[in-house]
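Notes for the one structure printed next.
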Amino acid sequence: MLYITLFFTAFISATLLPSSSEVLMGGMIMQGNTNLWLIWFAATLGNVLGSCVNYWLGTQALRFKDKKWFPVSEKGLKKAQQQFNKYGVYSLLFAWLPIVGDPLTVIGGVFKVRFTTFLVLVTLGKGLRYLAVIALAVGLFVPVEG
């Protein structure tokens with residue numbers, strides 16, 4: 001059940017809604033009796049699928065760009081396109097970063113990055129991040145016998 005909770009927490013964390021899957025992961029590791037690979041898999045899968053929701057939202061966003069309530073001006077869109085082009089599609093490797101990561105996945109959808117490319121880059125970045133979080137948590141919370 002905890003793995004499913006972690007999956008949904010990681011999913012929510014990847015959307016524009018606030019959540020922190022890393023805290024739950026740390027708690028699960030502290031408790032012991034958890035499979036670290038299942039923790040990694042549940043968190044990575046949930047987080048990547050949440051990013052896919054952001055991507056899809058991005059693909060739909062430009063339908064509304066001519067509406068008054070649309071939050072980004074035409075000038076702002078052009079600036080975002082230039083920035084995205086400057087740093088390239090590989091910036092999606094940093095989709096795990098706080099604050100900028102979630103919008104990056106939306107921008108990937110807005111600018112129609114090929115979905116398979118999006119999926120590979122985002123999965124790689126997020127998978128490595130969760131691996132690092134687990135390694136850090138194990139180092140901090142699991143007692144070393146000696």
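Residues are referred to by chain and number: the chain letter is A, B, ... according to the order shown in the structure tokens, the number counts from 1 in that chain, and ligands are numbered separately from 1 in the order shown.
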
request  = Would you list, as a PyMOL selection string, the residues of chain A that end up in alpha helix (DSSP H) under DSSP run on this structure's backbone?
outcome  = chain A and resi 2-14+21-31+36-61+74-87+101-110+115-141

Open item on the list: List as number ranges by chain the protein and nucleic acid residues near segment 71-84 of chain A, meaning an atom at most 12 Å away when only C-alpha atoms are counted, but skip any in the same chain fewer than 2 places from it.
Closed with: A: 61-62, 64-69, 86-92, 103-113

As a check of understanding: the span from atom CA of Gly46 of chain A to atom CA of Ser21 of chain A is 9.7 Å

Of the candidates A:Asn35, A:Thr116, A:Ser13, A:Asp102, which shows the shortest atom-to-atom distance to Leu57 of chain A, using only C-alpha atoms?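 The shortest atom-to-atom distance to Leu57 of chain A comes from A:Asp102.
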
Discussion item. So, with only C-alpha atoms as the atoms that count, which of A:Leu17, A:Leu38, A:Met30, A:Leu93 lies closest to Val122 of chain A?
Written reply: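 Closest to Val122 of chain A, using only C-alpha atoms: A:Leu93.
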
Note to self: If we count only C-alpha atoms and set the cut-off at 10 Å, which residues sit around Leu36 of chain A, ignoring sequence neighbours fewer than 2 positions away in its own chain? Please answer as a list in words.
What the structure shows: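 Using only C-alpha atoms, the neighbours found are Met25, Met28, Ile29, Gly32, Asn33, Thr34, Leu38, Ile39, Trp40, Phe41, Ala42, Leu131, Ile134, Ala135 and Val138 of chain A.
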
Discussion item. For Leu124 of chain A, find every residue with an atom within 10 Å (counting only C-alpha atoms), except residues of its own chain fewer than 2 positions away, and show them as number ranges by chain.
Written reply: A: 44, 48, 92-96, 118-122, 126-129

So what do you get for atom CA of Gly50 of chain A versus atom CA of Arg63 of chain A, distance-wise?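 Those two atoms sit 21.3 Å apart.
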
inquiry  = Between A:Gly26, A:Asn85, A:Leu97, A:Thr59, which residue has the minimum interatomic distance to Ala14 of chain A, considering only C-alpha atoms?
reply    =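 Ranking A:Gly26, A:Asn85, A:Leu97, A:Thr59 by distance to Ala14 of chain A, first place goes to A:Leu97.
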
Handout entry: Shell of 8 Å around Leu45 of chain A, only C-alpha atoms, local chain residues under 4 positions omitted, as a list in words
Key =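 Counting only C-alpha atoms, the residues come to Phe7, Phe11, Phe41 and Leu49 of chain A.
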
Selection to disk with N, CA and C atoms, as an mmCIF file, in the first residue's frame:
data_model
loop_
_atom_site.group_PDB
_atom_site.id
_atom_site.type_symbol
_atom_site.label_atom_id
_atom_site.label_comp_id
_atom_site.auth_asym_id
_atom_site.auth_seq_id
_atom_site.Cartn_x
_atom_site.Cartn_y
_atom_site.Cartn_z
ATOM 1 N N PHE A 7 3.614 6.194 -5.307
ATOM 2 C CA PHE A 7 3.327 6.427 -6.721
ATOM 3 C C PHE A 7 2.473 7.682 -6.897
ATOM 4 N N PHE A 11 3.381 11.242 -8.492
ATOM 5 C CA PHE A 11 2.573 11.719 -9.616
ATOM 6 C C PHE A 11 2.154 13.161 -9.377
ATOM 7 N N PHE A 41 11.081 2.414 -8.409
ATOM 8 C CA PHE A 41 10.173 2.210 -9.537
ATOM 9 C C PHE A 41 8.863 2.977 -9.344
ATOM 10 N N LEU A 49 4.817 9.821 -15.151
ATOM 11 C CA LEU A 49 3.434 9.914 -15.645
ATOM 12 C C LEU A 49 2.818 11.277 -15.331
#
